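Note sheet for the following structure.
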Amino acid sequence: MSNPISQNATRTLVARPIDPGVRIGHVHLKVADLDRALAFYCGVLGFELMQRYGTQAAFVSAGGYHHHIGLNTWESQGGSPPPPGTTGLYHVAILYPTRAALADALYRLAEAGITLQGASDHGVSEALYLSDPDGNGIELYVDRPQDQWPRTPDGELQMVTRRLDLQNLLASREA
């Protein structure tokens, strides 16, 4: 029996845009060690533990939401990260509400001795790149207001990748 969805997936689709209110609600990550993952997501990044299921799963959030990130060992207890050159999740992007909040995240990472893999000014946003203890890619970022996004003379979005000034970002941290 053929799968009509996979057959149609290779076609170019012209459809009406998705509702602009749609958001990515949460992500579940496979981890090898739940306590180690919680030490990173709660202890370093500052997410709040909402619920835990023994050594198998935990749900963390910001602001009391049921969960933004699910961490589970259902298929990965004691496992290793996927090797480079394979498919899978590239990174999870965590949007911060202000530049000062992103600066605080950078401060937390430095205090924990966590090395950044990159830091970029994309014109539309400022972003920090790192990996969690299981090798999952993480982007911590803040958007600029849309009226400040770089555009071509035709009005087309023109994102860039420039070096992010980390000292300048840290200077915006609220004490």
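Residue numbering restarts at 1 for every chain of the structure tokens, chains are lettered A, B, ... in their displayed order, and ligands are numbered from 1 as they appear.
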
Please provide the set of residues having any atom within 8 Å of stretch 60-65 of chain A, restricted to only C-alpha atoms, with same-chain residues fewer than 4 positions apart removed, written as a PyMOL selection string. chain A and resi 41-42+47-51+69-70

C-alpha atoms of the current selection, written as a PDB file, in the first residue's frame:
```pdb
ATOM      1  CA  TYR A  41      18.090  22.918  31.656  1.00  0.00           C
ATOM      2  CA  CYS A  42      17.043  23.863  35.214  1.00  0.00           C
ATOM      3  CA  PHE A  47      13.894  26.483  33.456  1.00  0.00           C
ATOM      4  CA  GLU A  48      11.450  25.319  36.129  1.00  0.00           C
ATOM      5  CA  LEU A  49      10.735  21.612  36.661  1.00  0.00           C
ATOM      6  CA  MET A  50       6.983  21.159  36.188  1.00  0.00           C
ATOM      7  CA  GLN A  51       6.676  17.386  36.445  1.00  0.00           C
ATOM      8  CA  ILE A  69      10.779  21.187  26.841  1.00  0.00           C
ATOM      9  CA  GLY A  70      10.180  17.513  27.489  1.00  0.00           C
TER      10      GLY A  70
END
```

Any idea what's packed within 8 Å of stretch 86-91 of chain A, counting only C-alpha atoms, ignoring anything in its chain fewer than 3 positions away? Could you give it as a ChimeraX atom specification? /A:82-83,136-139

Next, dump the selected residues to file, keeping only C-alpha atoms, as a short mmCIF file (atom, residue, chain, number, x, y, z; two decimals), in the first residue's frame.
```cif
data_model
loop_
_atom_site.label_atom_id
_atom_site.label_comp_id
_atom_site.auth_asym_id
_atom_site.auth_seq_id
_atom_site.Cartn_x
_atom_site.Cartn_y
_atom_site.Cartn_z
CA PRO A 82 23.91 10.80 16.93
CA PRO A 83 27.09 10.92 14.85
CA ASN A 136 21.49 18.46 21.22
CA GLY A 137 22.02 21.80 19.51
CA ILE A 138 20.63 24.81 21.37
CA GLU A 139 20.13 28.36 20.11
#
```

DSSP alpha helix (DSSP H) residues within stretch 56-166 of chain A, listed as a list in words: Arg99, Ala100, Ala101, Leu102, Ala103, Asp104, Ala105, Leu106, Tyr107, Arg108, Leu109, Ala110, Glu111 and Leu166 of chain A

Please report as CSV every residue of stretch 11-47 of chain A lying within 12 Å of stretch 117-131 of chain A, along with the nearest atom pair and their distance in Å (one decimal), using only C-alpha atoms.
```
residue,atom,partner,partner_atom,distance
A:Ala37,CA,A:Ser131,CA,11.3
A:Phe40,CA,A:Ser131,CA,10.3
A:Tyr41,CA,A:Ser131,CA,11.3
A:Leu45,CA,A:Leu130,CA,11.8
```

DSSP strand (DSSP E or B) residues within chain A, listed as a PyMOL selection string: chain A and resi 27-30+48-53+57-61+69-72+92-95+118-121+125-131+137-143+151+157+162-163

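Using only C-alpha atoms, the shortest contact distance between A:Asp132 and any of A:Ile24, A:Ile18, A:Ala39, A:Ala171 is found at A:Ala39.
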
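Using only C-alpha atoms, the smallest distance between any of A:Pro153, A:Gly54, A:Gly85, A:Gly43 and A:Ala105 comes from A:Gly43.
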
Distance query A:Gly25 at most 9 Å, only C-alpha atoms, self and fewer than 3 positions along chain excluded, as a PyMOL selection string: chain A and resi 22+67-69

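For the residues A:Thr152, A:Leu157, A:Thr98, A:Asp35, ranking by smallest atom-to-atom distance to A:Leu169 using only C-alpha atoms places A:Thr98 first.
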
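In this comparison, which uses only C-alpha atoms, the residue of A:Arg173, A:Arg52, A:Arg162, A:Arg144 approaching A:Tyr107 most closely is A:Arg173.
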
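One distance worth recording is that between atom CA of A:Thr73 and atom CA of A:Ala58, which is 9.4 Å.
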
Could you jot down the atom CA of A:Asp143 to atom CA of A:Glu156 separation for me, Å, one decimal place? 17.5 Å

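Rounded to one decimal, atom CA of A:Leu102 and atom CA of A:Gln146 lie 18.0 Å from each other.
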
So that I can see what lies close to A:Asn72, please list as a VMD selection string the residues with an atom at most 9 Å from it, counting only C-alpha atoms and leaving out residues fewer than 2 positions away in the same chain. chain A and resid 28 to 34 55 to 59 70 74 to 77

Output C-alpha atoms of each residue in that selection to a file, as a PDB file, in the first residue's frame.
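Result written to again.pdb:
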```pdb
ATOM      1  CA  HIS A  28      10.806  16.661  23.403  1.00  0.00           C
ATOM      2  CA  LEU A  29      14.475  15.731  23.510  1.00  0.00           C
ATOM      3  CA  LYS A  30      15.933  12.265  23.910  1.00  0.00           C
ATOM      4  CA  VAL A  31      18.575  12.319  26.641  1.00  0.00           C
ATOM      5  CA  ALA A  32      20.911   9.679  28.060  1.00  0.00           C
ATOM      6  CA  ASP A  33      20.758  10.796  31.707  1.00  0.00           C
ATOM      7  CA  LEU A  34      17.725  12.652  33.024  1.00  0.00           C
ATOM      8  CA  THR A  55      14.194   8.474  35.717  1.00  0.00           C
ATOM      9  CA  GLN A  56      12.265   8.331  32.434  1.00  0.00           C
ATOM     10  CA  ALA A  57      10.917  11.806  31.728  1.00  0.00           C
ATOM     11  CA  ALA A  58      10.636  15.369  32.962  1.00  0.00           C
ATOM     12  CA  PHE A  59       8.872  18.472  31.754  1.00  0.00           C
ATOM     13  CA  GLY A  70      10.180  17.513  27.489  1.00  0.00           C
ATOM     14  CA  TRP A  74      12.423   6.265  26.707  1.00  0.00           C
ATOM     15  CA  GLU A  75      14.648   5.265  23.783  1.00  0.00           C
ATOM     16  CA  SER A  76      17.944   6.781  24.841  1.00  0.00           C
ATOM     17  CA  GLN A  77      18.873   5.802  28.427  1.00  0.00           C
TER      18      GLN A  77
END
```
